[in-house]
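Asks: This is data13.pdb, which holds PDB, C-alpha atoms and all ligand atoms:
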ATOM      1  CA  MET S   1       5.585   0.949 -14.382
ATOM      2  CA  ASN S   2       6.059   1.473 -10.645
ATOM      3  CA  ILE S   3       3.564  -0.192  -8.323
ATOM      4  CA  ILE S   4       3.901   1.172  -4.794
ATOM      5  CA  PHE S   5       2.521  -0.855  -1.884
ATOM      6  CA  LEU S   6       1.360   1.324   1.025
ATOM      7  CA  GLY S   7      -0.502   0.558   4.230
ATOM      8  CA  THR S   8      -0.340   0.665   7.994
ATOM      9  CA  ALA S   9       2.244  -1.397   9.897
ATOM     10  CA  GLY S  10       1.731  -5.115   9.404
ATOM     11  CA  SER S  11      -1.065  -4.678   6.844
ATOM     12  CA  GLY S  12       0.710  -7.115   4.502
ATOM     13  CA  LYS S  13       2.630  -4.854   2.079
ATOM     14  CA  THR S  14       5.696  -7.106   1.868
ATOM     15  CA  SER S  15       3.643 -10.304   1.537
ATOM     16  CA  LEU S  16       1.381  -8.885  -1.163
ATOM     17  CA  CYS S  17       4.304  -7.361  -3.060
ATOM     18  CA  ASN S  18       5.921 -10.810  -3.082
ATOM     19  CA  ALA S  19       2.689 -12.678  -3.953
ATOM     20  CA  TYR S  20       1.872 -10.318  -6.831
ATOM     21  CA  GLY S  21       5.433 -10.573  -8.164
ATOM     22  CA  LEU S  22       5.322 -14.380  -8.092
ATOM     23  CA  TRP S  23       1.920 -14.336  -9.767
ATOM     24  CA  LEU S  24       3.073 -11.934 -12.513
ATOM     25  CA  LYS S  25       6.043 -14.154 -13.285
ATOM     26  CA  LYS S  26       4.211 -17.475 -13.169
ATOM     27  CA  GLU S  27       0.808 -16.637 -14.643
ATOM     28  CA  ARG S  28       1.654 -13.747 -16.979
ATOM     29  CA  HIS S  29       5.334 -14.393 -17.748
ATOM     30  CA  GLU S  30       6.102 -10.749 -16.986
ATOM     31  CA  SER S  31       9.488  -9.313 -16.017
ATOM     32  CA  VAL S  32       9.433  -8.115 -12.413
ATOM     33  CA  SER S  33      11.855  -6.180 -10.182
ATOM     34  CA  PHE S  34      11.453  -5.776  -6.442
ATOM     35  CA  VAL S  35      12.377  -2.595  -4.582
ATOM     36  CA  ASN S  36      12.648  -2.466  -0.803
ATOM     37  CA  LEU S  37      12.290   1.067   0.570
ATOM     38  CA  ASP S  38      11.938  -0.084   4.182
ATOM     39  CA  PRO S  39      15.181   0.588   6.095
ATOM     40  CA  GLY S  40      13.626  -1.127   9.108
ATOM     41  CA  ALA S  41      12.779  -4.357   7.256
ATOM     42  CA  VAL S  42      13.861  -7.560   8.928
ATOM     43  CA  GLU S  43      16.856  -9.366   7.525
ATOM     44  CA  TYR S  44      14.750 -11.876   5.663
ATOM     45  CA  LEU S  45      12.460 -10.664   2.896
ATOM     46  CA  PRO S  46      10.347 -13.147   0.922
ATOM     47  CA  TYR S  47      11.615 -11.642  -2.358
ATOM     48  CA  GLN S  48      15.124 -10.878  -3.555
ATOM     49  CA  PRO S  49      15.311  -7.058  -3.812
ATOM     50  CA  ASP S  50      16.828  -5.575  -6.980
ATOM     51  CA  PHE S  51      17.136  -2.257  -5.158
ATOM     52  CA  ASP S  52      17.420  -2.306  -1.373
ATOM     53  CA  ILE S  53      17.512   0.857   0.731
ATOM     54  CA  ARG S  54      19.223  -1.174   3.467
ATOM     55  CA  LYS S  55      22.400  -1.098   1.382
ATOM     56  CA  TYR S  56      22.563   2.630   2.188
ATOM     57  CA  PHE S  57      21.151   2.786   5.716
ATOM     58  CA  THR S  58      19.118   0.765   8.179
ATOM     59  CA  ILE S  59      17.164   1.807  11.253
ATOM     60  CA  PRO S  60      19.473  -0.089  13.677
ATOM     61  CA  GLN S  61      22.568   1.540  12.069
ATOM     62  CA  ILE S  62      21.072   5.041  12.376
ATOM     63  CA  MET S  63      20.068   4.359  15.995
ATOM     64  CA  LYS S  64      23.605   3.322  16.850
ATOM     65  CA  LYS S  65      25.469   5.962  14.841
ATOM     66  CA  GLU S  66      23.308   8.931  15.786
ATOM     67  CA  LYS S  67      22.351   7.715  19.280
ATOM     68  CA  LEU S  68      18.636   7.869  18.501
ATOM     69  CA  GLY S  69      15.623   5.846  19.579
ATOM     70  CA  PRO S  70      13.591   3.926  16.959
ATOM     71  CA  ASN S  71      11.249   6.818  16.133
ATOM     72  CA  GLY S  72      14.059   9.363  15.916
ATOM     73  CA  ALA S  73      15.883   6.975  13.593
ATOM     74  CA  ILE S  74      12.781   6.596  11.389
ATOM     75  CA  LEU S  75      12.535  10.387  11.081
ATOM     76  CA  ARG S  76      16.261  10.608  10.257
ATOM     77  CA  ALA S  77      15.804   7.858   7.660
ATOM     78  CA  ASN S  78      13.117   9.999   6.025
ATOM     79  CA  GLU S  79      15.572  12.893   5.787
ATOM     80  CA  LEU S  80      18.131  10.583   4.210
ATOM     81  CA  PHE S  81      15.517   9.437   1.674
ATOM     82  CA  LEU S  82      14.997  12.990   0.557
ATOM     83  CA  GLU S  83      18.647  14.064   0.674
ATOM     84  CA  ASN S  84      19.497  11.181  -1.684
ATOM     85  CA  ALA S  85      16.197  11.056  -3.578
ATOM     86  CA  ASP S  86      17.684  11.679  -7.020
ATOM     87  CA  THR S  87      20.314   8.945  -6.621
ATOM     88  CA  PHE S  88      17.746   6.391  -5.418
ATOM     89  CA  ILE S  89      15.181   7.326  -8.063
ATOM     90  CA  ASN S  90      17.788   7.044 -10.821
ATOM     91  CA  LYS S  91      18.751   3.594  -9.555
ATOM     92  CA  ILE S  92      15.099   2.500  -9.487
ATOM     93  CA  ASN S  93      14.612   3.924 -12.978
ATOM     94  CA  ASP S  94      17.610   1.934 -14.199
ATOM     95  CA  LEU S  95      15.658  -1.277 -13.520
ATOM     96  CA  THR S  96      14.423  -2.488 -16.864
ATOM     97  CA  SER S  97      11.589  -4.844 -15.869
ATOM     98  CA  ASP S  98       8.069  -4.017 -16.989
ATOM     99  CA  PHE S  99       6.793  -4.221 -13.417
ATOM    100  CA  ILE S 100       8.733  -2.519 -10.609
ATOM    101  CA  LEU S 101       7.108  -3.549  -7.326
ATOM    102  CA  ILE S 102       7.938  -1.131  -4.511
ATOM    103  CA  ASP S 103       7.609  -2.187  -0.874
ATOM    104  CA  THR S 104       7.457   0.741   1.576
ATOM    105  CA  PRO S 105       8.282   1.260   5.275
ATOM    106  CA  GLY S 106       6.118  -0.259   7.978
ATOM    107  CA  GLN S 107       5.618   3.110   9.630
ATOM    108  CA  LEU S 108       3.272   4.744   7.147
ATOM    109  CA  GLU S 109       2.760   8.129   8.862
ATOM    110  CA  PRO S 110       6.343   9.419   8.875
ATOM    111  CA  PHE S 111       6.887   8.112   5.341
ATOM    112  CA  ILE S 112       3.747   9.698   3.933
ATOM    113  CA  PHE S 113       3.037  12.713   6.072
ATOM    114  CA  LYS S 114       6.610  13.948   6.283
ATOM    115  CA  GLU S 115       8.374  15.379   3.276
ATOM    116  CA  SER S 116       9.274  11.919   2.045
ATOM    117  CA  SER S 117       5.940  11.790   0.201
ATOM    118  CA  LEU S 118       7.869  14.100  -2.153
ATOM    119  CA  PHE S 119      10.052  11.082  -2.875
ATOM    120  CA  LEU S 120       7.048   9.261  -4.350
ATOM    121  CA  GLN S 121       5.984  12.334  -6.305
ATOM    122  CA  LYS S 122       9.478  12.654  -7.791
ATOM    123  CA  LEU S 123       9.437   8.956  -8.646
ATOM    124  CA  GLN S 124       6.138   9.371 -10.479
ATOM    125  CA  GLN S 125       7.529  12.307 -12.470
ATOM    126  CA  LYS S 126      10.225  10.009 -13.876
ATOM    127  CA  SER S 127       8.059   6.976 -14.642
ATOM    128  CA  PRO S 128       4.357   6.086 -14.441
ATOM    129  CA  SER S 129       3.346   4.993 -10.960
ATOM    130  CA  ILE S 130       0.324   3.691  -9.144
ATOM    131  CA  ALA S 131      -0.149   3.188  -5.411
ATOM    132  CA  ILE S 132      -1.897   0.198  -3.862
ATOM    133  CA  PHE S 133      -3.295   0.984  -0.402
ATOM    134  CA  LEU S 134      -3.828  -2.003   1.873
ATOM    135  CA  ILE S 135      -6.534  -1.887   4.520
ATOM    136  CA  ASP S 136      -5.915  -4.734   6.949
ATOM    137  CA  ALA S 137      -8.936  -7.057   7.093
ATOM    138  CA  GLU S 138      -7.966  -7.856  10.675
ATOM    139  CA  LEU S 139      -8.784  -4.258  11.544
ATOM    140  CA  THR S 140     -12.155  -4.141   9.791
ATOM    141  CA  ARG S 141     -14.351  -6.159  12.062
ATOM    142  CA  TYR S 142     -16.933  -3.386  12.227
ATOM    143  CA  ALA S 143     -18.346  -1.020   9.633
ATOM    144  CA  SER S 144     -16.920   1.953  11.528
ATOM    145  CA  ASN S 145     -13.429   0.351  11.385
ATOM    146  CA  LEU S 146     -13.723   0.015   7.621
ATOM    147  CA  ILE S 147     -14.711   3.655   7.257
ATOM    148  CA  VAL S 148     -11.584   4.661   9.231
ATOM    149  CA  GLY S 149      -9.407   2.533   6.908
ATOM    150  CA  LEU S 150     -10.981   4.159   3.851
ATOM    151  CA  LEU S 151     -10.573   7.629   5.329
ATOM    152  CA  LEU S 152      -6.871   6.968   5.860
ATOM    153  CA  ALA S 153      -6.556   5.706   2.266
ATOM    154  CA  ILE S 154      -8.234   8.856   0.933
ATOM    155  CA  ALA S 155      -5.973  11.060   3.116
ATOM    156  CA  VAL S 156      -2.861   9.274   1.851
ATOM    157  CA  GLN S 157      -3.989   9.634  -1.757
ATOM    158  CA  ILE S 158      -4.466  13.379  -1.293
ATOM    159  CA  GLN S 159      -1.039  13.593   0.335
ATOM    160  CA  ILE S 160       0.941  11.715  -2.307
ATOM    161  CA  GLY S 161      -1.059  12.768  -5.371
ATOM    162  CA  ILE S 162      -0.693   9.398  -7.089
ATOM    163  CA  ASN S 163      -3.517   7.363  -8.577
ATOM    164  CA  MET S 164      -4.492   4.709  -6.029
ATOM    165  CA  ILE S 165      -6.176   1.307  -5.829
ATOM    166  CA  TYR S 166      -7.880   0.454  -2.538
ATOM    167  CA  ILE S 167      -7.601  -3.060  -1.187
ATOM    168  CA  VAL S 168      -8.931  -4.899   1.839
ATOM    169  CA  HIS S 169      -6.040  -7.319   2.331
ATOM    170  CA  LYS S 170      -5.915 -10.663   4.221
ATOM    171  CA  ALA S 171      -9.184 -11.631   2.554
ATOM    172  CA  ASP S 172      -8.766 -15.196   3.842
ATOM    173  CA  LEU S 173      -9.718 -13.765   7.256
ATOM    174  CA  LEU S 174     -12.938 -12.392   5.788
ATOM    175  CA  SER S 175     -14.447 -15.788   5.058
ATOM    176  CA  LYS S 176     -16.131 -15.524   8.449
ATOM    177  CA  ASN S 177     -17.233 -11.951   7.785
ATOM    178  CA  LEU S 178     -18.650 -11.671   4.284
ATOM    179  CA  LYS S 179     -20.563  -8.596   5.422
ATOM    180  CA  ILE S 180     -17.410  -6.539   4.804
ATOM    181  CA  VAL S 181     -17.324  -7.639   1.154
ATOM    182  CA  LYS S 182     -20.970  -6.619   0.730
ATOM    183  CA  MET S 183     -20.285  -3.265   2.438
ATOM    184  CA  ILE S 184     -17.474  -2.547  -0.002
ATOM    185  CA  GLN S 185     -19.691  -3.344  -2.958
ATOM    186  CA  ASN S 186     -22.822  -1.605  -1.756
ATOM    187  CA  PRO S 187     -22.579   1.867  -0.100
ATOM    188  CA  ASN S 188     -26.235   1.771   1.046
ATOM    189  CA  PHE S 189     -25.697  -1.533   2.842
ATOM    190  CA  PHE S 190     -22.478  -0.097   4.286
ATOM    191  CA  ARG S 191     -24.467   2.878   5.667
ATOM    192  CA  GLU S 192     -27.078   0.574   7.207
ATOM    193  CA  CYS S 193     -24.309  -1.411   8.924
ATOM    194  CA  ILE S 194     -22.799   1.754  10.421
ATOM    195  CA  ILE S 195     -26.231   2.791  11.754
ATOM    196  CA  SER S 196     -26.911  -0.669  13.188
ATOM    197  CA  GLU S 197     -23.733  -0.471  15.298
ATOM    198  CA  GLN S 198     -25.477   2.165  17.459
ATOM    199  CA  ARG S 199     -22.384   3.891  18.797
ATOM    200  CA  GLY S 200     -24.090   7.231  19.492
ATOM    201  CA  ALA S 201     -22.030  10.284  18.518
ATOM    202  CA  LEU S 202     -19.378   8.022  16.974
ATOM    203  CA  THR S 203     -21.975   6.585  14.601
ATOM    204  CA  ASP S 204     -22.905  10.133  13.554
ATOM    205  CA  LEU S 205     -19.239  10.878  12.902
ATOM    206  CA  ALA S 206     -18.798   7.644  10.923
ATOM    207  CA  LEU S 207     -21.872   8.552   8.843
ATOM    208  CA  ILE S 208     -20.355  11.923   7.927
ATOM    209  CA  VAL S 209     -17.222  10.159   6.686
ATOM    210  CA  HIS S 210     -19.400   7.607   4.898
ATOM    211  CA  GLU S 211     -21.039  10.470   2.977
ATOM    212  CA  VAL S 212     -17.588  11.400   1.636
ATOM    213  CA  PHE S 213     -16.972   7.793   0.695
ATOM    214  CA  ALA S 214     -20.418   7.459  -0.934
ATOM    215  CA  LYS S 215     -19.649  10.533  -3.082
ATOM    216  CA  LEU S 216     -16.419   8.917  -4.238
ATOM    217  CA  ALA S 217     -17.822   5.395  -4.498
ATOM    218  CA  SER S 218     -18.453   5.592  -8.236
ATOM    219  CA  SER S 219     -14.777   6.375  -8.850
ATOM    220  CA  ILE S 220     -13.301   4.018  -6.239
ATOM    221  CA  ARG S 221     -13.282   0.269  -6.696
ATOM    222  CA  ILE S 222     -12.242  -1.714  -3.692
ATOM    223  CA  ILE S 223     -11.105  -5.292  -4.059
ATOM    224  CA  THR S 224     -10.024  -7.965  -1.616
ATOM    225  CA  THR S 225      -6.708  -9.826  -1.818
ATOM    226  CA  SER S 226      -4.902 -12.535   0.085
ATOM    227  CA  ALA S 227      -1.217 -13.416   0.108
ATOM    228  CA  LYS S 228      -1.925 -16.656   1.939
ATOM    229  CA  LYS S 229      -1.895 -19.644  -0.390
ATOM    230  CA  PRO S 230      -3.979 -20.097  -2.445
ATOM    231  CA  PHE S 231      -3.515 -16.399  -3.310
ATOM    232  CA  SER S 232      -6.697 -14.526  -4.115
ATOM    233  CA  GLY S 233      -7.640 -11.271  -5.818
ATOM    234  CA  LEU S 234      -4.382 -10.961  -7.774
ATOM    235  CA  GLU S 235      -5.979 -11.203 -11.203
ATOM    236  CA  GLU S 236      -8.481  -8.509 -10.226
ATOM    237  CA  LEU S 237      -5.636  -6.375  -8.886
ATOM    238  CA  HIS S 238      -3.760  -6.815 -12.157
ATOM    239  CA  ASP S 239      -6.821  -5.822 -14.212
ATOM    240  CA  LEU S 240      -7.364  -2.719 -12.071
ATOM    241  CA  ILE S 241      -3.726  -1.683 -12.461
ATOM    242  CA  HIS S 242      -4.085  -1.968 -16.219
ATOM    243  CA  GLU S 243      -7.382  -0.091 -16.240
ATOM    244  CA  SER S 244      -5.814   2.713 -14.204
ATOM    245  CA  PHE S 245      -2.894   3.093 -16.577
ATOM    246  CA  CYS S 246      -5.227   2.947 -19.593
ATOM    247  CA  ALA S 247      -7.456   5.616 -18.042
ATOM    248  CA  CYS S 248      -4.518   8.019 -17.741
ATOM    249  CA  GLY S 249      -3.387   7.137 -21.250
ATOM    250  CA  ASP S 250      -0.282   5.223 -20.269
ATOM    251  CA  LEU S 251       0.127   1.605 -21.253
ATOM    252  CA  THR S 252       3.821   1.270 -20.486
TER     253      THR S 252
HETATM  254  N1  LIG S 301      -4.043 -14.165   7.097
HETATM  255  C1  LIG S 301      -3.219 -13.450   6.348
HETATM  256  N2  LIG S 301      -2.093 -12.953   6.883
HETATM  257  C2  LIG S 301      -1.293 -12.215   6.082
HETATM  258  C3  LIG S 301      -1.584 -11.948   4.726
HETATM  259  N3  LIG S 301      -0.605 -11.148   4.221
HETATM  260  C4  LIG S 301       0.271 -10.963   5.230
HETATM  261  N4  LIG S 301      -0.142 -11.595   6.343
HETATM  262  C5  LIG S 301       0.541 -11.653   7.648
HETATM  263  O1  LIG S 301       0.547 -10.339   8.207
HETATM  264  C6  LIG S 301       1.783 -10.130   8.923
HETATM  265  C7  LIG S 301       2.488  -8.890   8.352
HETATM  266  O2  LIG S 301       2.805  -9.162   7.003
HETATM  267  P1  LIG S 301       3.876  -8.289   6.215
HETATM  268  O3  LIG S 301       3.794  -8.701   4.793
HETATM  269  O4  LIG S 301       5.193  -8.357   6.879
HETATM  270  O5  LIG S 301       3.239  -6.848   6.416
HETATM  271  P2  LIG S 301       3.946  -5.443   6.182
HETATM  272  O6  LIG S 301       2.849  -4.465   5.936
HETATM  273  O7  LIG S 301       4.990  -5.556   5.137
HETATM  274  O8  LIG S 301       4.615  -5.212   7.597
HETATM  275  P3  LIG S 301       5.628  -4.030   7.993
HETATM  276  O9  LIG S 301       6.526  -3.808   6.821
HETATM  277  O10 LIG S 301       6.338  -4.550   9.195
HETATM  278  O11 LIG S 301       4.735  -2.875   8.281
HETATM  279  C8  LIG S 301       2.596 -11.411   8.744
HETATM  280  O12 LIG S 301       2.369 -12.217   9.877
HETATM  281  C9  LIG S 301       1.998 -12.060   7.518
HETATM  282  O13 LIG S 301       2.121 -13.464   7.485
HETATM  283  C10 LIG S 301      -2.798 -12.502   4.170
HETATM  284  O14 LIG S 301      -3.164 -12.323   3.025
HETATM  285  N5  LIG S 301      -3.567 -13.233   5.040
HETATM  286 MG    MG S 302       7.021  -4.927   5.204
END
What does this structure look like when you write it as structure tokens?
Replies:
Amino acid sequence: MNIIFLGTAGSGKTSLCNAYGLWLKKERHESVSFVNLDPGAVEYLPYQPDFDIRKYFTIPQIMKKEKLGPNGAILRANELFLENADTFINKINDLTSDFILIDTPGQLEPFIFKESSLFLQKLQQKSPSIAIFLIDAELTRYASNLIVGLLLAIAVQIQIGINMIYIVHKADLLSKNLKIVKMIQNPNFFRECIISEQRGALTDLALIVHEVFAKLASSIRIITTSAKKPFSGLEELHDLIHESFCACGDLT
């Protein structure tokens, strides 16, 4: 099964991908392959990729070769993803591990909202896939921040059309703000927190989005994870991944 880690820049995709892979190997004795789809990733990755997009192109190479700035190069990289989608997908499908952990580019918007979301859809057609969306705990200090993170997650899910698990990541930073955990678990408390922020028209807007979230709350379970040692939330993440595959009848 493919497990695709998505989230805004710096939300912790690479760290969580690595932590979950280590956990799967050590605690569950599972076979794991790592896939790096980020052509802008720094030289050092915490895991050893079994498929690495940087073997084909990198952002600095595209910038130099095509005389582009960083954003132009990211857009060009997206085109290259699609032009070579079948080759890359076949190579990923050739990996024989039970768990294929897929780390995605730091710049979420061009990857998801440009045609390259088709890449993920094609990948899912070939083998069962689930997306993990990371909401950065550092960016959820207020209830209205959390609602924005959830709105983005919902938008991305609609865009890619792949079953998704929602995570507030960097949970170790939440120890000082347990309110967020309660908000995630209790939509009514979440609503009260938004109201108590008293941000005028912005509060009204946040409440409208909260209504959408409250409607979906019974079908969305949000968990918290941390890739800082000692890792946390990984067992829960694992259970949710299994539940999701069971629910769609696939226990690969
Ligand atoms: N406190 C804390 N920091 C974390 C955690 N996970 C990642 N980080 C930190 O967050 C920063 C970004 O982590 P990455 O794993 O590189 O995040 P990313 O989403 O892959 O980043 P890009 O690919 O550049 O978008 C690093 O400084 C990490 O050490 C966590 O669970 N807790
Ligand atoms: Mg990364």
Asks: Residues contacting ligand MG 302 (chain S) - anything with an atom at most 6 Å away, using all atoms listed in the file - can you give me those as a PyMOL selection string?
Replies: chain S and resi 13-14+106
Asks: Set the cut-off to 9 Å, count only C-alpha atoms and all ligand atoms, and list whatever residues fall near ligand LIG 301 (chain S) as a ChimeraX atom specification.
Replies: /S:5-19,38,40-42,45-46,103-108,134,136-138,169-173,225-229,231-232
Asks: Pull C-alpha atoms from the residues just selected and write them as a short mmCIF file (atom, residue, chain, number, x, y, z; two decimals), keeping the file's coordinate frame.
Replies:
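Okay, result09.cif is ready:
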data_model
loop_
_atom_site.label_atom_id
_atom_site.label_comp_id
_atom_site.auth_asym_id
_atom_site.auth_seq_id
_atom_site.Cartn_x
_atom_site.Cartn_y
_atom_site.Cartn_z
CA PHE S 5 2.52 -0.86 -1.88
CA LEU S 6 1.36 1.32 1.02
CA GLY S 7 -0.50 0.56 4.23
CA THR S 8 -0.34 0.66 7.99
CA ALA S 9 2.24 -1.40 9.90
CA GLY S 10 1.73 -5.12 9.40
CA SER S 11 -1.06 -4.68 6.84
CA GLY S 12 0.71 -7.12 4.50
CA LYS S 13 2.63 -4.85 2.08
CA THR S 14 5.70 -7.11 1.87
CA SER S 15 3.64 -10.30 1.54
CA LEU S 16 1.38 -8.88 -1.16
CA CYS S 17 4.30 -7.36 -3.06
CA ASN S 18 5.92 -10.81 -3.08
CA ALA S 19 2.69 -12.68 -3.95
CA ASP S 38 11.94 -0.08 4.18
CA GLY S 40 13.63 -1.13 9.11
CA ALA S 41 12.78 -4.36 7.26
CA VAL S 42 13.86 -7.56 8.93
CA LEU S 45 12.46 -10.66 2.90
CA PRO S 46 10.35 -13.15 0.92
CA ASP S 103 7.61 -2.19 -0.87
CA THR S 104 7.46 0.74 1.58
CA PRO S 105 8.28 1.26 5.28
CA GLY S 106 6.12 -0.26 7.98
CA GLN S 107 5.62 3.11 9.63
CA LEU S 108 3.27 4.74 7.15
CA LEU S 134 -3.83 -2.00 1.87
CA ASP S 136 -5.92 -4.73 6.95
CA ALA S 137 -8.94 -7.06 7.09
CA GLU S 138 -7.97 -7.86 10.68
CA HIS S 169 -6.04 -7.32 2.33
CA LYS S 170 -5.92 -10.66 4.22
CA ALA S 171 -9.18 -11.63 2.55
CA ASP S 172 -8.77 -15.20 3.84
CA LEU S 173 -9.72 -13.76 7.26
CA THR S 225 -6.71 -9.83 -1.82
CA SER S 226 -4.90 -12.54 0.08
CA ALA S 227 -1.22 -13.42 0.11
CA LYS S 228 -1.92 -16.66 1.94
CA LYS S 229 -1.90 -19.64 -0.39
CA PHE S 231 -3.52 -16.40 -3.31
CA SER S 232 -6.70 -14.53 -4.12
#
Asks: Please compute the atom CA of S:Ala143-atom CA of S:Gly233 distance, one decimal, in Å.
Replies: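 Rounded to one decimal, the two atoms are 21.4 Å apart.
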Asks: When the PyMOL selection byres (((chain S and resi 61-63) around 10) and not hetatm) is applied to the file above, which residues end up in the set, as a PDB file with C-alpha atoms, in the frame of the given file?
Replies:
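See expr-v3.pdb below for the written result:
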ATOM      1  CA  PRO S  39      15.181   0.588   6.095  1.00  0.00           C
ATOM      2  CA  GLY S  40      13.626  -1.127   9.108  1.00  0.00           C
ATOM      3  CA  ARG S  54      19.223  -1.174   3.467  1.00  0.00           C
ATOM      4  CA  TYR S  56      22.563   2.630   2.188  1.00  0.00           C
ATOM      5  CA  PHE S  57      21.151   2.786   5.716  1.00  0.00           C
ATOM      6  CA  THR S  58      19.118   0.765   8.179  1.00  0.00           C
ATOM      7  CA  ILE S  59      17.164   1.807  11.253  1.00  0.00           C
ATOM      8  CA  PRO S  60      19.473  -0.089  13.677  1.00  0.00           C
ATOM      9  CA  LYS S  64      23.605   3.322  16.850  1.00  0.00           C
ATOM     10  CA  LYS S  65      25.469   5.962  14.841  1.00  0.00           C
ATOM     11  CA  GLU S  66      23.308   8.931  15.786  1.00  0.00           C
ATOM     12  CA  LYS S  67      22.351   7.715  19.280  1.00  0.00           C
ATOM     13  CA  LEU S  68      18.636   7.869  18.501  1.00  0.00           C
ATOM     14  CA  GLY S  69      15.623   5.846  19.579  1.00  0.00           C
ATOM     15  CA  PRO S  70      13.591   3.926  16.959  1.00  0.00           C
ATOM     16  CA  ASN S  71      11.249   6.818  16.133  1.00  0.00           C
ATOM     17  CA  GLY S  72      14.059   9.363  15.916  1.00  0.00           C
ATOM     18  CA  ALA S  73      15.883   6.975  13.593  1.00  0.00           C
ATOM     19  CA  ILE S  74      12.781   6.596  11.389  1.00  0.00           C
ATOM     20  CA  ARG S  76      16.261  10.608  10.257  1.00  0.00           C
ATOM     21  CA  ALA S  77      15.804   7.858   7.660  1.00  0.00           C
TER      22      ALA S  77
END
Asks: One number please: atom CA of S:Asn163 to atom CA of S:Asp86, in Å, one decimal.
Replies: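 Separating atom CA of S:Asn163 from atom CA of S:Asp86 is a distance of 21.7 Å.
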Asks: Tell me which of S:Arg199, S:Arg191, S:Arg141, S:Lys25 sits closest to S:Glu211, counting all atoms listed in the file.
Replies: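 Counting all atoms listed in the file, the residue closest to S:Glu211 is S:Arg191.
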Asks: List the residues selected by the PyMOL selection byres (((chain S and resi 121) around 12) and not hetatm) in the file shown, writing them as number ranges by chain.
Replies: S: 2, 4, 82, 85-86, 89, 112, 115-120, 122-131, 157-163
Asks: If we count only C-alpha atoms and set the cut-off at 10 Å, which residues sit around stretch 237-244 of chain S, ignoring sequence neighbours fewer than 5 positions away in its own chain? Please answer as a PyMOL selection string.
Replies: chain S and resi 1+3+20+23-24+129-132+163-167+221-225+232+249-252
Asks: In Å, how far is it from atom CA of S:Ile154 to atom CA of S:Leu139?
Replies: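 Separation of atom CA of S:Ile154 and atom CA of S:Leu139: 16.9 Å.
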Asks: Using only the atoms of stretch 175-190 of chain S listed in the file, plus 4 Å on each side, state the axis-aligned box centre and edge lengths in Å rounded to one decimal, as AutoDock Vina command-line options.
Replies:
--center_x -20.3 --center_y -7.0 --center_z 2.7 --size_x 19.8 --size_y 25.7 --size_z 19.4
Asks: Between S:Asn84, S:Val32, S:Ile208, S:Ala214, single out the one closest to S:Ile184, counting all atoms listed in the file.
Replies: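 Distance minimum relative to S:Ile184 lands on S:Ala214.
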Asks: Quick one: of S:Gly149, S:Asp98, S:Val209, S:Ile220, who's nearest to S:Gln185, counting only C-alpha atoms?
Replies: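 Closest candidate: S:Ile220.
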Asks: For S:Ile135, which of S:Ile180, S:Cys193, S:Phe111, S:Lys91 is the closest residue, counting all atoms listed in the file?
Replies: S:Ile180
Asks: Under the rule that all atoms listed in the file are counted, which of S:Glu236, S:Ile53, S:Phe88, S:Ser144 is the nearest residue to S:Gly200?
Replies: S:Ser144
Asks: Taking all atoms listed in the file into account, name the residue in S:Leu22, S:Ala155, S:Leu75, S:Thr87 that is nearest to S:Leu101.
Replies: S:Leu22
Asks: What would the selection look like, as a PyMOL selection string, if the PyMOL selection byres (((chain S and resi 51) around 7) and not hetatm) were run on the coordinates I just shared?
Replies: chain S and resi 34-36+49-50+52-53+92
